[in-house]
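I have placed the structure first, in the form of structure tokens, so that the comments after it can refer back to it.
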Amino acid sequence: MSQVPNATSSVLASGSSSKSNSASSALNDVNLDDFLDLMIAELQNQDPLNPLENDQLVAQISQMRQVGATEQLSATLDAVLLGQNIASATNLIGAQIKALSDDNQRVSGIVERVSVAGGQPKLHLDLNPRADAVEEDGAIAEGTYEYRVVWQEDGNLFGVDPLDGGTLTLNGTQGVESAVEISNLPTTPGSKQIYRRNVGAGGDFQLVDVVISGDQASYMDTKADSELSQRVLTGTPQMVTSERSFEVSLKNVSEIKPPGV
């Protein structure tokens, strides 16, 4: 007996093919649950007089398996990558690093601990102010120096010694020991003043520069004695012990000195 073509069947068959092609082209945009929902809806709405052919059903099941495998592989790779990053970060505990902190500050110091936030390892540094000769272009002459960082707070003068009572000796070699980085500066309610004194020449601490932002954590001193301000440190600042905590993402570490080196 001949059958009259069913218009609804044609539309549904066409829609079924369209959905199948759409699911195939958007394979990476749906998850396994989405794929199952689409397939069940297609089976429920197919024309009973023109059901989905076996080869079409097998093809869609194969696609569904690919989606599940892709999701599982992606999750596995993410877990492996996180594990590798955590291992790399943990190996840095006790190491001396230079980096850019998550609050965009240049920091230098020893990694104290590691945490995981947002699926990424974070290095934690609890640092005191310090001053180090760095391989940058500068004009500081050969000599032995002291530094003071001072600021006003509630009408009182406070200060920190980034050399912790010591001195820093430079040979004045251009690009090797003619610049000093003062790092891990304390957070202050206002600006900070950087003073320097040439121990061998005697005299007072002279103003090197004013750090306007109270949040700024580092300063690069490259100035020759002749470039310093004639302003000198007057009064006796109340010296305080300062410690500042920083978080650093692994990708923002620029230099590593392993423990014991």
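Every chain in the structure tokens takes a letter, A first, then B, and so on in the order presented; its residues are numbered from 1, and the ligands are numbered from 1 following the presented order.
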### Message
List as a count of residues only the protein and nucleic acid residues near A:Asp164, meaning an atom at most 9 Å away when only C-alpha atoms are counted, but skip any in the same chain fewer than 4 places from it.
### Response
3
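Omitting A:Thr234 and its sequence neighbours fewer than 5 positions away, and counting only C-alpha atoms, the residues within 10 Å are A:Asp204, A:Phe205, A:Gln206.
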Residues within 9 Å of stretch 235-247 of chain A, please, as a compact mmCIF listing (two decimals) with C-alpha atoms, in the first residue's frame. Count only C-alpha atoms; anything in the same chain fewer than 3 positions from it doesn't count.
```
# COMPACT_ATOMS: atom_id res chain seq x y z
CA SER A 101 53.08 41.29 43.49
CA ASP A 102 49.36 40.92 42.83
CA ASP A 103 48.92 44.57 43.90
CA GLN A 105 54.44 46.24 43.54
CA VAL A 107 59.10 42.93 45.71
CA LYS A 122 49.98 32.05 45.36
CA LEU A 123 53.37 32.75 46.91
CA HIS A 124 53.33 34.62 50.22
CA LEU A 125 56.15 36.91 51.34
CA ASP A 126 56.35 38.74 54.70
CA LEU A 127 59.11 41.26 54.12
CA ASN A 128 61.11 43.92 55.92
CA PRO A 129 62.51 46.96 54.08
CA VAL A 150 60.88 58.64 56.84
CA TRP A 151 57.28 59.88 56.89
CA ASN A 156 55.07 62.54 64.47
CA LEU A 157 58.12 61.63 62.39
CA PHE A 158 58.64 57.91 61.82
CA GLY A 159 61.37 56.07 59.96
CA VAL A 160 62.81 52.73 58.90
CA ASP A 161 66.38 51.71 58.18
CA ASN A 184 59.46 46.32 50.71
CA LEU A 185 58.73 49.87 51.84
CA PRO A 186 56.01 50.20 54.48
CA THR A 187 52.51 51.38 53.66
CA ALA A 217 56.71 49.44 47.90
```
### Message
My list of candidates is A:Pro189, A:Pro258, A:Gly175, A:Gly166. Which is closest to A:Gln216 when distances are computed with only C-alpha atoms?
### Response
A:Pro189
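Nearest to A:Leu170 of all the residues A:Ala141, A:Asp154, A:Leu81, A:Ile182 is A:Ala141, based on only C-alpha atoms.
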